[in-house]
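A.B. asks: Got a structure for you, written out below as structure tokens; questions coming shortly.
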Amino acid sequence: MTVMSVPILSFLIYFPLLGAVILLFANRRNAQFIKVFTLVISLIELAVSIPLFFKFDDAAKTMQFVEKADWFPEWGISYFLGIDGISLLLVLLTTFLTVICVLCSWKAIEDRVKEYYITFLFLETAMIGTLCALDLVLFYVFWELMLIPMYLLIGVWGGPRRIYAAIKFFLFTMAGSVLMLVAILTLYFFYYNSTGVYTFNVLELYKASVPIAKQYWLFGAFALSFAIKVPMFPVHTWLPDAHTEAPTAGSVILAGVLLKMGTYGFIRFAIPLFPAAAIDAIPLMSILAVIGIIYGAIVSMMQPDLKRLIAFSSVSHLGYVMLGIFAFNMQGVQGGIYQMLNHGISTGGLFLIVGMIYERRHTRMISDFGGLSKVMPIFAVFFMIITLSSIALPGTNGFVGEFLILLGAFKNNVVYGTLATTGVILGAVYMLWMFQRVMFGVVTKEENRNLKDLNGREILILVCMVFFIILMGVYPKMFFKKMDTSVAEYLAFVKQKSAQARVLEGNTVPGKMAGEVANTNMTR
Amino acid sequence: MDASIIPACEFRWIMPEIMLTGWGLLLLIIGGLTRGPVASKTCGVLSVIGSLCAMYFTVNLWGANQDVFNQLYTIDNYGTFFKGLFIAILILVSVVSLRYADREEIGSGEYYALLMFGVLGMMVMTSSHHFVTIFIGLEVMSLSIYVLCGLLRGNIASVEAALKYFLLGAFATAFLLYGMAMIYGSTGLMDVAELKKFFLMKQPFSATMFIIGLGFLIVGFGFKIASVPFHMWTPDVYQGAPTSVTAYMATGVKAAAFGALIRVFFTAFVPFQFGWSEIIWILAVLTMCVGNITALVQRDIKRMLAYSSIAHAGYILVAFITGDRALASSMLYYLMAYSFMNIGAFTVVIVLQKKGDNNSDLDSYAGLGARHPFIALCMSIFLLSLAGVPPLAGFMGKFYVFSTAVKAQYYWLAIIGFLNSVVAAYYYLRVMMYMYFRETIGEPGTVDKAPSYGLVMLICIWALLHMGIFPKTFLLIAQKAVSIFG
């Protein structure tokens with residue numbers, strides 16, 4: 001009880017904010033102090049989040065580290081935080097990547113240093129809040145709150161077309177989320193009409209038995225909002241611009257955490273709230289995911305700009321995640337979640353790598369490089385490892401995730417599985433081809449001849465990334481056992497709930513599912 | 001009791017009104033006797049003190065429920081809520097004027113007196129069931145504001161604003177009065193509470209005349225809340241009027257018109273909700289869309305805020321359409337949030353204006369984030385609140401208003417509303433973009449720094465944060481206020 005009563009999640013959420021407020025009063029000329037201070041804050045944050053991992057009870061089926069207080073009880077809005085095995089890992093990813101981002105911005109950001117770090121800490125608050133919130137209003141508040149700092153990060157510290165990219169990012173995401181808000185409200189009043197209780201508590205709303213026709217609309221609104229964030233195939237167009245223009249740390253956090261909010265939203269909200277609609281949407285979502293995988297891969301093959309290439313590869317990787325989630329079996333979903341973490345680390349790593357050469361050469365065009373492996377041998381080693389992790393070589397983290405997803409996809413539907421597998425090959429093609437053009441061959445450009453190899457700080461950053469790439473590749477059990485129970489619970493819940501909805505409607509997939517449910521109930 | 005005798009003790013119920021009237025007259029006399037900057041400062045300070053006293057009396061009225069002066073005037077929580085809001089607006093505008101009116105040399109006694117009389121009119125408007133009293137209140141308010149708009153005598157736009165507002169306003173008032181007359185002709189009643197009973201008892205009445213009357217009422221009120229298609233005056237008047245008056249109009253007049261509109265319709269005309277809601281459905285959608293889309297192309301911040309205020313009226317109408325009396329509190333909450341964010345934004349506009357220049361081009365905001373980080377931060381908070389970004393009050397307000405629509409199953413209306421707020425986000429963000437992402441254009445103008453502006457901005461920010469993060473107190477107040485509709 002003593003452990004539970006420490007509001008550790010609240011601490012994680014508001015500690016960066018506190019840091020940001022203190023920074024407001026810092027002297028802007030003393031950039032060194034601001035950097036060190038932010039680093040300390042983010043390190044403390046990381047240090048506080050690590051015990052979550054070890055204190056987390058693997059076997060518990062409920063939310064953990066729960067904090068609950070009334071916020072506005074008349075409306076059923078509460079301050080309700082809690083994490084399960086799925087959000088736990090994402091929270092850790094967030095705290096870890098924030099430290100990395102602070103370190104990698106050390107030299108890259110010279111302009112308005114103070115505002116930059118304030119924005120970053122603010123962003124961390126919003127991200128962790130989004131992952132921990134179990135009340136729909138609270139979730140929505142943090143969800144929208146993430147937009148502002150990211151908008152500023154891209155718009156103030158971004159590349160030449162930053163204003164276009166920042167506004168596009170903001171409007172796309174906001175358009176999706178307002179539709180979600182209408183859906184949230186509809187669900188809220190539906191629940192009130194059927195039970196007489198006003199609540200935004202997600203765990204309570206899971207119990208609502210929404211008619212299937214209504215589920216389609218509501219799922220559609222939630223799914224659109226999350227699909228924009230993921231981003232899935234037809235609504236992905238903001239991502240390449242945002243990634244290309246964002247500063248390195250912005251790209252890392254965007255790829256590492258913000259995109260995961262979309263997939264996380266599917267698992268936490270869209271699917272369990274509207275399970276029957278979600279199961280009916282499997283063909284649509286899977287096809288879009290497969291299109292994303294192949295399309296993203298093909299487009300990235302042709303990109304002349306390194307960052308754009310990685311951005312499109314994100315579309316492809318997130319396609320895998322979605323395919324896994326919509327396989328609705330243990331392998332697929334676990335693989336999907338694992339791939340979320342992997343993508344955060346390997347694609348985050350790639351953005352760091354690009355940032356490092358960009359700092360040296362101030363260009364990201366592939367054609368401006370060539371033969372770098374001779375000039376920068378240490379850099380080459382790290383780049384190779386991260387590239388291999390991104391194409392899912394066995395032994396790296398990427399392999400575990402992609403393998404499980406494909407396994408799940410094949411179990412679900414052979415066609416999707418087969419098509420998605422081609423993405424693996426294409427992935428190897430565009431990554432290795434890019435690597436070859438940048439790193440191998442002769443040095444053709446004079447400017448590249450005297451490039452400095454990595455310094456201590458950069459090596460430290462990449463060592464951290466590579467450590468996790470290998471750890472997650474060779475010992476995935478450590479992470480899987482955290483989410484086993486949660487995922488099993490989630491899947492069981494979704495299946496049972498959707499079958500139940502169909503029984504209530506009476507229009508089941510003829511007899512079979514209803515019969516199954518009846519049987520299982522009898523045996524119980 | 002003989003109806004013609006008014007007991008003297010009834011006057012204690014209208015202490016805030018008496019306070020403002022008396023104080024306004026006093027300021028007129030002082031203004032007549034003295035001139036110059038010292039007089040301007042004195043009048044300003046006196047005006048703030050007077051409003052604070054009026055606020056004290058208003059707060060004391062909370063919870064009282066009383067019909068006075070032969071049912072011509074009503075003291076209830078609904079009216080008291082609005083009185084409190086108007087006086088809060090008056091205080092904030094007076095504090096801003098301490099410096100602004102001085103700078104523009106309009107700050108004589110009559111300026112502050114007119115501000116007070118305007119608020120007096122608003123208070124009368126929202127505290128009566130009776131059409132005649134409502135009309136008198138509306139006129140007192142409107143006449144004060146016609147004069148206030150034209151105070152910048154040397155400025156042609158200001159004079160144009162006053163004339164335009166006066167001519168169109170007179171027409172609109174005539175419509176309102178005509179509507180009231182039609183309803184009287186149809187039913188024989190001028191009192192909204194009586195009308196409610198009348199409809200409940202299903203008495204016979206002339207339906208055609210009643211419908212025309214109702215239509216005229218909507219036109220009259222639609223003009224004052226600046227809903228499309230009765231909005232044409234808004235941008236010119238808002239732009240031409242002295243900026244402090246714009247802030248006062250954009251918040252006070254709109255709140256007063258909504259206060260009277262909600263009281264009239266929600267008391268008496270709920271049985272016909274299916275009829276008028278269809279008309280207002282169209283008005284609301286038009287108001288949101290026209291306001292937001294036209295705001296997209298404005299380069300003058302004052303004009304942009306004028307169009308955005310049209311759009312905000314549309315958001316409030318969304319909740320109005322549902323006719324949900326229990327959730328009418330959403331509109332009150334929204335008006336409260338809207339007042340604070342708009343006064344805040346207009347204060348920033350004032351700070352950035354130069355003496356004698358009544359415009360505020362977007363270019364003068366370029367690079368503000370680097371030159372004056374505090375002002376830019378304040379403006380960002382106001383703009384984000386206007387855009388409805390959590391955790392600010394603007395978000396809670398929108399959330400509440402649109403949840404009312406969703407509850408009444410007006411899904412499309414809610415979706416249109418939310419999509420409109422995405423459009424709106426674009427032009428609010430564009431100002432932020434100029435402040436933070438652009439370099440200063442040309443010679444950076446000096447900003448008019450004064451502690452009074454800072455005070456108002458801080459109060460507004462505090463209110464927005466408090467209402468957004470801990471909405472409970474404010475929501476309960478708003479709910480108590482609308483409990484009169486029962």
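Identifiers in this document derive from the order of the structure tokens: chains are assigned A, B, ..., residues are numbered from 1 separately in each chain, and ligands are numbered from 1 in order of occurrence.
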Mind checking which residues fall within 9 Å of region 199-208 of chain A, counting only C-alpha atoms, ignoring those fewer than 4 positions away in the same chain, and posting them as a short mmCIF file (atom, residue, chain, number, x, y, z; two decimals) with N, CA and C atoms, in the first residue's frame?
C.D. replies:
data_model
loop_
_atom_site.label_atom_id
_atom_site.label_comp_id
_atom_site.auth_asym_id
_atom_site.auth_seq_id
_atom_site.Cartn_x
_atom_site.Cartn_y
_atom_site.Cartn_z
N PRO A 73 -16.92 15.96 -10.36
CA PRO A 73 -17.75 14.77 -10.20
C PRO A 73 -19.14 14.90 -10.82
N TRP A 75 -19.99 15.90 -13.56
CA TRP A 75 -19.96 15.45 -14.95
C TRP A 75 -19.30 14.07 -15.08
N GLY A 76 -18.82 13.57 -13.97
CA GLY A 76 -18.11 12.30 -14.04
C GLY A 76 -16.72 12.42 -14.61
N ILE A 77 -16.13 13.61 -14.51
CA ILE A 77 -14.74 13.75 -14.94
C ILE A 77 -13.86 13.51 -13.72
N SER A 78 -12.92 12.62 -13.86
CA SER A 78 -12.05 12.37 -12.72
C SER A 78 -10.60 12.48 -13.16
N PHE A 80 -7.84 10.46 -13.25
CA PHE A 80 -7.68 9.01 -13.10
C PHE A 80 -6.47 8.57 -13.92
N LEU A 134 -6.53 7.67 -17.76
CA LEU A 134 -7.57 6.67 -17.95
C LEU A 134 -8.95 7.31 -17.91
N ASP A 135 -8.96 8.62 -17.99
CA ASP A 135 -10.22 9.32 -18.06
C ASP A 135 -10.23 10.01 -19.42
N LEU A 136 -11.31 9.89 -20.14
CA LEU A 136 -11.27 10.35 -21.53
C LEU A 136 -11.02 11.85 -21.64
N VAL A 137 -11.56 12.62 -20.70
CA VAL A 137 -11.33 14.07 -20.78
C VAL A 137 -9.87 14.38 -20.48
N LEU A 138 -9.38 13.74 -19.45
CA LEU A 138 -7.98 13.95 -19.09
C LEU A 138 -7.07 13.55 -20.25
N ILE A 184 -16.34 10.93 -28.28
CA ILE A 184 -16.24 10.77 -26.83
C ILE A 184 -17.54 11.21 -26.18
N LEU A 185 -18.02 12.37 -26.61
CA LEU A 185 -19.25 12.90 -26.00
C LEU A 185 -20.44 12.01 -26.30
N LEU A 187 -20.44 8.82 -26.83
CA LEU A 187 -20.33 7.63 -25.97
C LEU A 187 -20.73 7.95 -24.54
N TYR A 188 -20.29 9.11 -24.10
CA TYR A 188 -20.56 9.55 -22.72
C TYR A 188 -22.07 9.64 -22.48
N PHE A 189 -22.79 10.27 -23.40
CA PHE A 189 -24.23 10.40 -23.21
C PHE A 189 -24.94 9.08 -23.44
N PHE A 190 -24.39 8.27 -24.35
CA PHE A 190 -24.99 6.95 -24.53
C PHE A 190 -24.90 6.16 -23.22
N TYR A 191 -23.73 6.22 -22.61
CA TYR A 191 -23.54 5.47 -21.37
C TYR A 191 -24.47 6.01 -20.29
N TYR A 192 -24.65 7.31 -20.28
CA TYR A 192 -25.56 7.89 -19.29
C TYR A 192 -26.99 7.41 -19.53
N SER A 194 -27.97 4.70 -20.88
CA SER A 194 -28.23 3.30 -20.60
C SER A 194 -28.01 2.95 -19.13
N THR A 195 -27.20 3.70 -18.42
CA THR A 195 -26.95 3.31 -17.03
C THR A 195 -27.35 4.38 -16.02
N ARG A 268 -5.76 1.14 -26.49
CA ARG A 268 -6.36 1.53 -25.23
C ARG A 268 -7.81 1.99 -25.40
N PHE A 269 -8.09 2.67 -26.49
CA PHE A 269 -9.41 3.28 -26.60
C PHE A 269 -10.24 2.71 -27.74
N PRO A 272 -10.94 -1.51 -27.64
CA PRO A 272 -11.76 -2.06 -26.54
C PRO A 272 -13.07 -1.33 -26.31
N LEU A 273 -13.16 -0.07 -26.70
CA LEU A 273 -14.44 0.61 -26.52
C LEU A 273 -15.46 0.12 -27.55
N PHE A 274 -15.00 -0.15 -28.74
CA PHE A 274 -15.93 -0.55 -29.80
C PHE A 274 -15.44 -1.85 -30.46
N LYS A 497 -16.31 -9.35 -25.66
CA LYS A 497 -17.20 -8.19 -25.75
C LYS A 497 -17.85 -8.09 -27.13
#
A.B. asks: Taking only residues of chain B that have an atom at most 7 Å from an atom of chain A, what is each one's shortest atom pair and its distance in Å to one decimal, using only C-alpha atoms, in chain and number order, as JSON lines?
C.D. replies:
{"residue": "B:Val389", "atom": "CA", "partner": "A:Glu144", "partner_atom": "CA", "distance": 6.7}
{"residue": "B:Pro390", "atom": "CA", "partner": "A:Val141", "partner_atom": "CA", "distance": 5.3}
{"residue": "B:Pro391", "atom": "CA", "partner": "A:Val141", "partner_atom": "CA", "distance": 6.2}
{"residue": "B:Ser403", "atom": "CA", "partner": "A:Leu185", "partner_atom": "CA", "distance": 5.9}
{"residue": "B:Val406", "atom": "CA", "partner": "A:Thr186", "partner_atom": "CA", "distance": 6.0}
{"residue": "B:Lys407", "atom": "CA", "partner": "A:Phe189", "partner_atom": "CA", "distance": 5.9}
{"residue": "B:Ala414", "atom": "CA", "partner": "A:Val182", "partner_atom": "CA", "distance": 6.7}
{"residue": "B:Ile415", "atom": "CA", "partner": "A:Leu179", "partner_atom": "CA", "distance": 6.6}
{"residue": "B:Phe418", "atom": "CA", "partner": "A:Val178", "partner_atom": "CA", "distance": 5.6}
{"residue": "B:Leu419", "atom": "CA", "partner": "A:Ala175", "partner_atom": "CA", "distance": 6.5}
{"residue": "B:Val422", "atom": "CA", "partner": "A:Ala175", "partner_atom": "CA", "distance": 6.0}
{"residue": "B:Tyr436", "atom": "CA", "partner": "A:Val156", "partner_atom": "CA", "distance": 6.7}
{"residue": "B:Phe437", "atom": "CA", "partner": "A:Val156", "partner_atom": "CA", "distance": 5.3}
{"residue": "B:Lys472", "atom": "CA", "partner": "A:Phe72", "partner_atom": "CA", "distance": 5.9}
A.B. asks: From region 181-352 of chain A, collect each residue whose DSSP state is helix (DSSP H, G or I) and return the set as a ChimeraX atom specification.
C.D. replies: /A:181-195,202-205,212-229,233-235,238-245,248-273,275-280,282-301,306-325,330-352
A.B. asks: Mind giving me the straight-line distance from CA of Asn70 (chain B) to CA of Ile18 (chain B) in Å, one decimal?
C.D. replies: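 Interatomic distance here is 18.2 Å.
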A.B. asks: Can you list, as a CSV table (one decimal) with C-alpha atoms, in the first residue's frame, every protein, DNA or RNA residue that comes within 12 Å of Leu26 (chain B) when you count only C-alpha atoms, leaving out same-chain residues fewer than 3 positions away?
C.D. replies:
chain,number,residue,atom,x,y,z
B,19,MET,CA,-24.6,52.7,-7.6
B,20,LEU,CA,-23.6,52.7,-11.3
B,21,THR,CA,-26.1,55.4,-12.2
B,22,GLY,CA,-25.1,57.7,-9.3
B,23,TRP,CA,-21.5,57.1,-9.8
B,29,ILE,CA,-19.9,66.3,-13.2
B,30,ILE,CA,-16.2,65.8,-12.4
B,31,GLY,CA,-15.5,65.5,-16.1
B,32,GLY,CA,-17.3,68.7,-16.7
B,33,LEU,CA,-15.4,70.6,-14.1
B,43,CYS,CA,-11.9,59.7,-13.4
B,46,LEU,CA,-12.9,56.7,-9.5
B,47,SER,CA,-14.6,54.5,-12.1
B,50,GLY,CA,-17.3,52.7,-8.3
B,109,GLY,CA,-15.4,61.9,-17.3
B,110,GLU,CA,-18.0,61.1,-19.9
B,112,TYR,CA,-16.1,56.4,-18.0
B,113,ALA,CA,-19.7,57.6,-17.3
B,114,LEU,CA,-20.7,56.1,-20.7
B,116,MET,CA,-21.0,52.7,-16.6
B,117,PHE,CA,-24.3,53.6,-18.3
A.B. asks: Quick one: residues within 7 Å of region 425-435 of chain B, only C-alpha atoms counted, chain neighbours fewer than 4 positions away excluded, as a CSV table (one decimal) with C-alpha atoms, in the first residue's frame?
C.D. replies:
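Just written: out17.csv:
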chain,number,residue,atom,x,y,z
B,296,LEU,CA,-8.8,33.5,-42.4
B,365,TYR,CA,3.5,41.2,-34.5
B,366,ALA,CA,6.4,39.7,-36.4
B,367,GLY,CA,9.2,38.8,-34.1
B,368,LEU,CA,7.4,39.8,-31.0
B,369,GLY,CA,8.4,36.6,-29.3
B,376,ALA,CA,4.0,37.3,-26.7
B,380,SER,CA,-0.3,33.1,-27.1
B,383,LEU,CA,-5.1,32.9,-28.8
B,387,ALA,CA,-8.7,28.3,-30.4
B,421,SER,CA,-12.6,25.3,-34.5
A.B. asks: Can you list, as a list of chain:residue names, every protein, DNA or RNA residue that comes within 10 Å of Trp281 (chain B) when you count only C-alpha atoms, leaving out same-chain residues fewer than 5 positions away?
C.D. replies: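 Those residues are B:Trp276, B:Leu286, B:Thr287, B:Gly314, B:Leu317, B:Val318, B:Phe320, B:Ile321, B:Thr322, B:Tyr410, B:Leu413.
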A.B. asks: When you draw a straight line from CA of Leu341 (chain A) to CA of Ser87 (chain A), how long is it in Å?
C.D. replies: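 Here the two named atoms are 10.9 Å from each other.
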A.B. asks: Excluding same-chain residues fewer than 5 positions from Ile381 (chain B), what lies within 10 Å of it counting only C-alpha atoms, as a CSV table (one decimal) with C-alpha atoms, in the first residue's frame?
C.D. replies:
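Once written, result.csv looks like this:
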chain,number,residue,atom,x,y,z
B,341,MET,CA,-9.9,35.8,-23.5
B,344,GLY,CA,-7.0,39.8,-22.8
B,345,ALA,CA,-6.4,39.7,-26.6
B,375,ILE,CA,3.6,40.0,-24.1
B,376,ALA,CA,4.0,37.3,-26.7
B,386,LEU,CA,-9.7,31.3,-28.3
B,387,ALA,CA,-8.7,28.3,-30.4
B,389,VAL,CA,-6.8,24.3,-26.8
B,392,LEU,CA,-7.5,26.7,-21.0
B,432,MET,CA,1.5,33.0,-33.1
B,460,CYS,CA,-7.3,37.3,-17.6
B,461,ILE,CA,-4.7,34.6,-17.7
B,464,LEU,CA,-8.5,31.4,-18.1
B,465,LEU,CA,-6.3,28.9,-16.4
A.B. asks: Under the rule that only C-alpha atoms are counted, which of A:Ile83, A:Leu454, A:Ile353, A:Ile271 is the nearest residue to Ala60 (chain A)?
C.D. replies: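 Closest residue, counting only C-alpha atoms: A:Ile83.
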